[in-house]
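Novice: File name coords_37.pdb; file contents PDB, C-alpha atoms; full text below.
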```
ATOM      1  CA  MET A 166    -119.661  44.474 -68.899
ATOM      2  CA  GLY A 167    -119.167  47.843 -70.592
ATOM      3  CA  ARG A 168    -120.638  48.295 -74.051
ATOM      4  CA  LYS A 169    -121.408  51.986 -74.321
ATOM      5  CA  ARG A 170    -120.395  53.599 -77.554
ATOM      6  CA  SER A 171    -117.799  56.355 -77.306
ATOM      7  CA  ILE A 172    -118.156  59.494 -79.409
ATOM      8  CA  LEU A 173    -114.469  59.035 -80.254
ATOM      9  CA  SER A 174    -114.887  55.548 -81.775
ATOM     10  CA  GLN A 175    -116.204  54.424 -85.150
ATOM     11  CA  CYS A 176    -118.000  51.346 -83.788
ATOM     12  CA  ASP A 177    -120.017  50.525 -80.695
ATOM     13  CA  GLY A 178    -118.117  47.222 -80.344
ATOM     14  CA  ASP A 179    -121.228  45.054 -79.872
ATOM     15  CA  TYR A 180    -120.539  42.730 -82.809
ATOM     16  CA  GLN A 181    -116.884  42.348 -81.848
ATOM     17  CA  HIS A 182    -117.729  41.621 -78.211
ATOM     18  CA  ASN A 183    -120.363  39.023 -79.087
ATOM     19  CA  LYS A 184    -118.113  37.319 -81.645
ATOM     20  CA  ILE A 185    -115.241  37.037 -79.151
ATOM     21  CA  MET A 186    -117.528  35.508 -76.535
ATOM     22  CA  GLU A 187    -118.978  33.124 -79.101
ATOM     23  CA  MET A 188    -115.600  31.887 -80.369
ATOM     24  CA  LEU A 189    -113.785  31.385 -77.058
ATOM     25  CA  VAL A 190    -113.615  27.720 -76.036
ATOM     26  CA  VAL A 191    -112.607  28.409 -72.427
ATOM     27  CA  LYS A 192    -114.177  30.939 -70.072
ATOM     28  CA  PHE A 193    -111.365  31.908 -67.726
ATOM     29  CA  LEU A 194    -107.778  33.051 -68.262
ATOM     30  CA  HIS A 195    -106.279  30.318 -66.064
ATOM     31  CA  GLN A 196    -107.893  27.630 -68.288
ATOM     32  CA  THR A 197    -105.945  28.388 -71.496
ATOM     33  CA  LEU A 198    -104.180  25.380 -73.017
ATOM     34  CA  THR A 199    -100.884  27.252 -73.212
ATOM     35  CA  ASP A 200     -99.573  30.098 -71.085
ATOM     36  CA  VAL A 201    -100.504  33.450 -72.594
ATOM     37  CA  ILE A 202     -99.803  37.121 -71.902
ATOM     38  CA  ILE A 203    -102.445  39.690 -72.818
ATOM     39  CA  PRO A 204    -101.192  43.309 -72.761
ATOM     40  CA  THR A 205    -103.649  46.173 -72.343
ATOM     41  CA  PHE A 206    -103.545  49.818 -71.319
ATOM     42  CA  ASP A 207    -105.744  51.357 -68.617
ATOM     43  CA  ILE A 208    -106.797  54.848 -69.716
ATOM     44  CA  ARG A 209    -107.932  55.822 -66.223
ATOM     45  CA  LEU A 210    -104.713  54.805 -64.479
ATOM     46  CA  LEU A 211    -102.611  55.752 -67.545
ATOM     47  CA  GLN A 212    -100.443  52.666 -67.236
ATOM     48  CA  PRO A 213    -100.040  49.274 -68.930
ATOM     49  CA  ILE A 214    -101.992  46.377 -67.442
ATOM     50  CA  SER A 215    -101.111  42.778 -68.290
ATOM     51  CA  PHE A 216    -103.123  39.611 -67.804
ATOM     52  CA  SER A 217    -101.309  36.274 -67.834
ATOM     53  CA  THR A 218    -102.149  32.626 -67.326
ATOM     54  CA  LEU A 219     -99.429  32.128 -64.723
ATOM     55  CA  LYS A 220    -100.569  35.070 -62.614
ATOM     56  CA  ALA A 221    -104.157  33.765 -62.754
ATOM     57  CA  LYS A 222    -103.032  30.282 -61.677
ATOM     58  CA  ARG A 223    -100.963  31.617 -58.796
ATOM     59  CA  ASN A 224    -103.396  34.182 -57.440
ATOM     60  CA  ALA A 225    -107.167  33.747 -57.248
ATOM     61  CA  SER A 226    -107.617  37.531 -57.271
ATOM     62  CA  LYS A 227    -106.074  37.578 -60.776
ATOM     63  CA  VAL A 228    -108.631  35.158 -62.261
ATOM     64  CA  SER A 229    -110.679  36.921 -64.925
ATOM     65  CA  TRP A 230    -113.011  36.175 -67.797
ATOM     66  CA  LEU A 231    -110.909  35.510 -70.903
ATOM     67  CA  SER A 232    -113.480  37.373 -72.991
ATOM     68  CA  ASP A 233    -112.917  40.532 -70.914
ATOM     69  CA  ASN A 234    -109.156  40.275 -71.454
ATOM     70  CA  CYS A 235    -109.493  39.711 -75.214
ATOM     71  CA  ILE A 236    -111.996  42.533 -75.694
ATOM     72  CA  GLY A 237    -109.829  44.886 -73.650
ATOM     73  CA  THR A 238    -106.654  44.188 -75.619
ATOM     74  CA  SER A 239    -108.424  44.587 -78.964
ATOM     75  CA  ALA A 240    -110.165  47.890 -78.168
ATOM     76  CA  ALA A 241    -108.123  49.819 -80.709
ATOM     77  CA  PRO A 242    -108.454  53.568 -80.048
ATOM     78  CA  TYR A 243    -110.599  55.413 -82.596
ATOM     79  CA  TYR A 244    -111.968  52.176 -84.081
ATOM     80  CA  MET A 245    -113.369  50.575 -80.918
ATOM     81  CA  PRO A 246    -114.621  52.115 -77.645
ATOM     82  CA  PRO A 247    -112.633  51.635 -74.419
ATOM     83  CA  TYR A 248    -113.765  48.570 -72.484
ATOM     84  CA  TYR A 249    -114.843  48.647 -68.842
ATOM     85  CA  PHE A 250    -115.188  45.618 -66.576
ATOM     86  CA  GLU A 251    -114.719  44.628 -62.948
ATOM     87  CA  MET A 252    -112.902  41.729 -61.260
ATOM     88  CA  HIS A 253    -114.397  40.564 -57.988
ATOM     89  CA  ALA A 254    -112.326  38.697 -55.397
ATOM     90  CA  SER A 255    -112.206  38.198 -51.655
ATOM     91  CA  THR A 256    -109.711  41.055 -51.494
ATOM     92  CA  GLY A 257    -112.176  43.452 -53.102
ATOM     93  CA  THR A 258    -113.294  44.712 -56.505
ATOM     94  CA  LYS A 259    -110.876  46.007 -59.102
ATOM     95  CA  LYS A 260    -112.078  48.177 -61.968
ATOM     96  CA  PHE A 261    -110.533  48.303 -65.427
ATOM     97  CA  ASN A 262    -110.894  50.856 -68.238
ATOM     98  CA  LEU A 263    -108.953  49.283 -71.072
ATOM     99  CA  VAL A 264    -107.829  49.949 -74.605
ATOM    100  CA  ASP A 265    -105.639  48.037 -77.029
ATOM    101  CA  GLY A 266    -102.357  46.805 -75.545
ATOM    102  CA  VAL A 267    -100.534  48.234 -78.557
ATOM    103  CA  VAL A 268    -100.653  51.607 -76.768
ATOM    104  CA  ALA A 269     -97.998  50.280 -74.378
ATOM    105  CA  ALA A 270     -96.558  47.210 -76.128
ATOM    106  CA  ASN A 271     -95.967  48.104 -79.777
ATOM    107  CA  ILE A 272     -93.001  46.922 -81.929
ATOM    108  CA  PRO A 273     -91.321  44.599 -79.387
ATOM    109  CA  ASP A 274     -87.993  44.433 -81.216
ATOM    110  CA  GLY A 275     -87.723  48.215 -80.949
ATOM    111  CA  ASN A 276     -87.389  48.215 -77.169
ATOM    112  CA  LEU A 277     -86.302  44.851 -75.809
ATOM    113  CA  SER A 278     -85.308  46.287 -72.430
ATOM    114  CA  TYR A 279     -88.897  47.430 -71.948
ATOM    115  CA  PHE A 280     -90.205  44.021 -72.955
ATOM    116  CA  ASN A 281     -87.886  42.253 -70.536
ATOM    117  CA  ASN A 282     -89.475  44.276 -67.747
ATOM    118  CA  PHE A 283     -92.924  43.676 -69.230
ATOM    119  CA  PHE A 284     -92.470  39.889 -69.253
ATOM    120  CA  ARG A 285     -91.078  39.927 -65.712
ATOM    121  CA  LEU A 286     -94.188  41.819 -64.659
ATOM    122  CA  CYS A 287     -96.340  39.109 -66.238
ATOM    123  CA  TRP A 288     -94.422  36.185 -64.764
ATOM    124  CA  GLN A 289     -93.871  37.451 -61.253
ATOM    125  CA  TYR A 290     -91.528  35.405 -59.086
ATOM    126  CA  VAL A 291     -90.808  32.976 -61.932
ATOM    127  CA  SER A 292     -87.190  32.476 -62.962
ATOM    128  CA  ILE A 293     -86.948  32.766 -66.749
ATOM    129  CA  ASP A 294     -83.942  33.331 -69.013
ATOM    130  CA  PHE A 295     -85.309  36.107 -71.236
ATOM    131  CA  SER A 296     -82.204  36.043 -73.459
ATOM    132  CA  LYS A 297     -83.616  32.873 -75.023
ATOM    133  CA  PHE A 298     -86.854  34.516 -76.149
ATOM    134  CA  LEU A 299     -87.453  34.480 -79.884
ATOM    135  CA  VAL A 300     -89.298  37.608 -80.999
ATOM    136  CA  PHE A 301     -90.820  37.659 -84.462
ATOM    137  CA  PHE A 302     -92.811  40.799 -85.112
ATOM    138  CA  PHE A 303     -95.370  41.182 -87.897
ATOM    139  CA  GLY A 304     -96.074  44.862 -88.502
ATOM    140  CA  THR A 305     -99.125  46.245 -90.275
ATOM    141  CA  GLY A 306     -97.256  48.537 -92.635
ATOM    142  CA  SER A 307     -97.256  52.308 -93.006
ATOM    143  CA  SER A 308     -97.502  55.003 -95.658
ATOM    144  CA  LYS A 309     -94.939  57.456 -94.367
ATOM    145  CA  ARG A 310     -92.623  57.782 -97.338
ATOM    146  CA  ASP A 311     -92.732  58.211-101.088
ATOM    147  CA  GLU A 312     -89.783  56.011-102.056
ATOM    148  CA  LYS A 313     -91.943  52.937-101.461
ATOM    149  CA  LEU A 314     -89.324  50.621 -99.884
ATOM    150  CA  GLU A 315     -90.956  47.507 -98.472
ATOM    151  CA  THR A 316     -94.180  48.127 -96.542
ATOM    152  CA  ASP A 317     -93.267  51.755 -95.803
ATOM    153  CA  GLY A 318     -94.750  52.498 -99.224
ATOM    154  CA  LEU A 319     -98.377  51.505 -98.727
ATOM    155  CA  LYS A 320    -100.936  53.830-100.249
ATOM    156  CA  TYR A 321    -103.396  55.491 -97.900
ATOM    157  CA  THR A 322    -106.211  53.110 -98.866
ATOM    158  CA  GLU A 323    -103.924  50.105 -98.362
ATOM    159  CA  ALA A 324    -102.673  51.307 -94.970
ATOM    160  CA  SER A 325    -106.181  51.988 -93.697
ATOM    161  CA  ALA A 326    -107.116  49.592 -90.890
ATOM    162  CA  ASP A 327    -110.858  49.811 -91.477
ATOM    163  CA  ASN A 328    -111.312  48.988 -95.153
ATOM    164  CA  PRO A 329    -112.812  45.459 -95.403
ATOM    165  CA  MET A 330    -113.796  45.696 -99.087
ATOM    166  CA  LYS A 331    -113.053  42.596-101.170
ATOM    167  CA  ASP A 332    -110.746  44.353-103.645
ATOM    168  CA  ASN A 333    -108.702  45.851-100.801
ATOM    169  CA  ARG A 334    -108.389  42.475 -99.028
ATOM    170  CA  GLU A 335    -107.218  40.828-102.250
ATOM    171  CA  ASN A 336    -104.731  43.642-102.867
ATOM    172  CA  LEU A 337    -103.301  43.320 -99.346
ATOM    173  CA  GLU A 338    -102.972  39.569 -99.841
ATOM    174  CA  LYS A 339    -100.946  40.212-103.010
ATOM    175  CA  ILE A 340     -98.771  42.764-101.176
ATOM    176  CA  GLY A 341     -98.134  40.188 -98.445
ATOM    177  CA  LYS A 342     -97.157  37.475-100.930
ATOM    178  CA  ASP A 343     -94.827  39.869-102.759
ATOM    179  CA  LEU A 344     -93.253  40.864 -99.456
ATOM    180  CA  MET A 345     -92.324  37.227 -98.763
ATOM    181  CA  LYS A 346     -89.853  37.413-101.664
ATOM    182  CA  LYS A 347     -88.168  40.599-100.430
ATOM    183  CA  PRO A 348     -85.183  40.830 -98.055
ATOM    184  CA  VAL A 349     -85.749  41.028 -94.307
ATOM    185  CA  SER A 350     -85.699  44.657 -93.183
ATOM    186  CA  ALA A 351     -84.970  46.447 -89.936
ATOM    187  CA  VAL A 352     -85.585  49.978 -88.705
ATOM    188  CA  ASN A 353     -82.824  52.504 -89.289
ATOM    189  CA  TRP A 354     -82.997  54.463 -86.043
ATOM    190  CA  GLU A 355     -81.477  57.524 -87.742
ATOM    191  CA  THR A 356     -84.308  57.831 -90.261
ATOM    192  CA  GLY A 357     -87.076  55.755 -88.692
ATOM    193  CA  LEU A 358     -87.460  53.852 -91.971
ATOM    194  CA  TYR A 359     -87.086  50.155 -92.792
ATOM    195  CA  GLU A 360     -83.965  49.158 -94.709
ATOM    196  CA  PRO A 361     -83.142  45.726 -96.194
ATOM    197  CA  MET A 362     -80.688  43.373 -94.474
ATOM    198  CA  GLU A 363     -79.495  41.367 -97.444
ATOM    199  CA  GLU A 364     -77.501  38.929 -95.303
ATOM    200  CA  ARG A 365     -80.678  37.810 -93.518
ATOM    201  CA  GLY A 366     -82.334  36.445 -96.660
ATOM    202  CA  THR A 367     -85.986  36.946 -97.532
ATOM    203  CA  TYR A 368     -89.021  37.061 -95.282
ATOM    204  CA  GLU A 369     -89.929  33.647 -96.647
ATOM    205  CA  ASP A 370     -86.540  32.340 -95.476
ATOM    206  CA  ALA A 371     -87.077  33.924 -92.060
ATOM    207  CA  LEU A 372     -90.510  32.301 -91.679
ATOM    208  CA  CYS A 373     -89.085  28.890 -92.619
ATOM    209  CA  GLU A 374     -86.291  29.345 -90.075
ATOM    210  CA  LEU A 375     -88.824  30.296 -87.413
ATOM    211  CA  ALA A 376     -90.962  27.251 -88.231
ATOM    212  CA  GLU A 377     -87.920  24.961 -87.927
ATOM    213  CA  ARG A 378     -86.946  26.414 -84.548
ATOM    214  CA  LEU A 379     -90.499  26.093 -83.234
ATOM    215  CA  SER A 380     -90.653  22.510 -84.497
ATOM    216  CA  GLU A 381     -87.356  21.660 -82.799
ATOM    217  CA  GLU A 382     -88.578  23.205 -79.553
ATOM    218  CA  ARG A 383     -91.774  21.155 -79.692
ATOM    219  CA  ARG A 384     -89.850  17.911 -80.312
ATOM    220  CA  PHE A 385     -87.589  18.722 -77.359
ATOM    221  CA  ARG A 386     -90.524  19.400 -75.052
ATOM    222  CA  CYS A 387     -92.373  16.261 -76.120
ATOM    223  CA  LYS A 388     -89.287  14.156 -75.433
ATOM    224  CA  TYR A 389     -87.970  15.663 -72.206
ATOM    225  CA  MET A 390     -90.823  17.540 -70.530
TER
END
```
Could you take the file, read its structure, and then write that structure out as structure tokens?
Specialist:
Amino acid sequence: MGRKRSILSQCDGDYQHNKIMEMLVVKFLHQTLTDVIIPTFDIRLLQPISFSTLKAKRNASKVSWLSDNCIGTSAAPYYMPPYYFEMHASTGTKKFNLVDGVVAANIPDGNLSYFNNFFRLCWQYVSIDFSKFLVFFFGTGSSKRDEKLETDGLKYTEASADNPMKDNRENLEKIGKDLMKKPVSAVNWETGLYEPMEERGTYEDALCELAERLSEERRFRCKYM
């Protein structure tokens, strides 16, 4: 398993890798309790690579260590080094050089046609009605404008992804709680900025609606499946 530090990354990744391995309950991708999709990006092949439970169950050559998949998809460029590992099967050995899946699969609601193709790639030969997918995207905020509308107005220190100091964590928690009371926003594709959609209610309302729909789906599955 690859753990060499890159001169382009802030961390060597050792602590992250060990913590992921320590916390995972299951060892292999096909053993997950629910079907999952793990998007990554291969920097050698320059193309997105996805790992999914269904592909692992259907094809023995797709069975991989879950820790490898999780480390690969969380290897955020600049912060963490790219992750190298190999998958061995009767058909041969496949090599991976992976970074965070966000390189290829960021902001799903911004390109649903791409995500339809992405999900079809993950669930090969499985008939699924993708129009029924519910996508709820939690962004990490940005600091790209001065007007400070919603989370587009984060200060540089608040938008930094590598500041674990206690005062910054508490400040981000307050920003998150305040955001819950603000109207749901969507990207204006003319300006690239988030604008409020008053008719959609607040983020708190949207989360409650999502929770209700997930609860209804679970009751349906428990009763009929």
Novice: Between A:Phe261, A:Phe250, A:Tyr180, A:Phe206, which has the minimum distance to Thr238 (chain A) (counting all atoms listed in the file)?
Specialist: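 Counting all atoms listed in the file, the residue closest to Thr238 (chain A) is A:Phe206.
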Novice: Mind pulling up the distance from CA of Ser239 (chain A) to CA of Thr218 (chain A)?
Specialist: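 Interatomic distance, CA of Thr218 (chain A) to CA of Ser239 (chain A): 17.8 Å.
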Novice: Step by step, work through what the PyMOL selection byres ((chain A and resi 338-354) around 7) selects in the shown file, and finish by giving those residues as a list in words.
Specialist: Arg334, Glu335, Asn336, Leu337, Glu355, Thr356, Gly357, Leu358, Tyr359, Glu360, Pro361, Met362, Glu363, Arg365, Gly366, Thr367, Tyr368 and Glu369 of chain A
Novice: Kindly give the distance, in Å, that separates CA of Cys235 (chain A) and CA of Lys260 (chain A), rounded to a single decimal.
Specialist: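 Computing the Euclidean distance for CA of Cys235 (chain A) and CA of Lys260 (chain A) yields 15.9 Å.
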Novice: Assuming the chain letters and numbering stay as they are in my file, what does the PyMOL selection byres ((chain A and resi 224-229) around 9) actually select? List them as number ranges by chain.
Specialist: A: 192-195, 216-223, 230-234, 251-257
Novice: Can you tell me how far CA of Pro213 (chain A) sits from CA of Ala269 (chain A), in Å to one decimal?
Specialist: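 Straight-line distance from CA of Pro213 (chain A) to CA of Ala269 (chain A) works out to 5.9 Å.
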Novice: Counting all atoms listed in the file, which residue out of A:Cys387, A:Leu211, A:Leu375, A:Cys176 sits closest to Ala241 (chain A)?
Specialist: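 Checking each of A:Cys387, A:Leu211, A:Leu375, A:Cys176 against Ala241 (chain A), counting all atoms listed in the file, the winner is A:Cys176.
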Novice: So, counting all atoms listed in the file, which residue among A:Ser215, A:Asn328, A:Asn183, A:Asn262 is closest to Ile203 (chain A)?
Specialist: A:Ser215
Novice: Mind giving me the axis-aligned box for region 340-349 of chain A with 3 Å on every side, centre plus edges in Å to one decimal, as JSON?
Specialist:
```
{"center_x": -92.0, "center_y": 40.0, "center_z": -98.5, "size_x": 19.6, "size_y": 11.5, "size_z": 14.5}
```
Novice: Apply the PyMOL selection byres ((chain A and resi 248) around 6) to the displayed file and report the matching residues as a VMD selection string.
Specialist: chain A and resid 167 237 247 249 262 to 263
Novice: I need the residue nearest Asp327 (chain A) from this list: A:Asp207, A:Thr199, A:Tyr244, A:Gln181. Use all atoms listed in the file for the distance.
Specialist: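 Result for the nearest residue to Asp327 (chain A): A:Tyr244.
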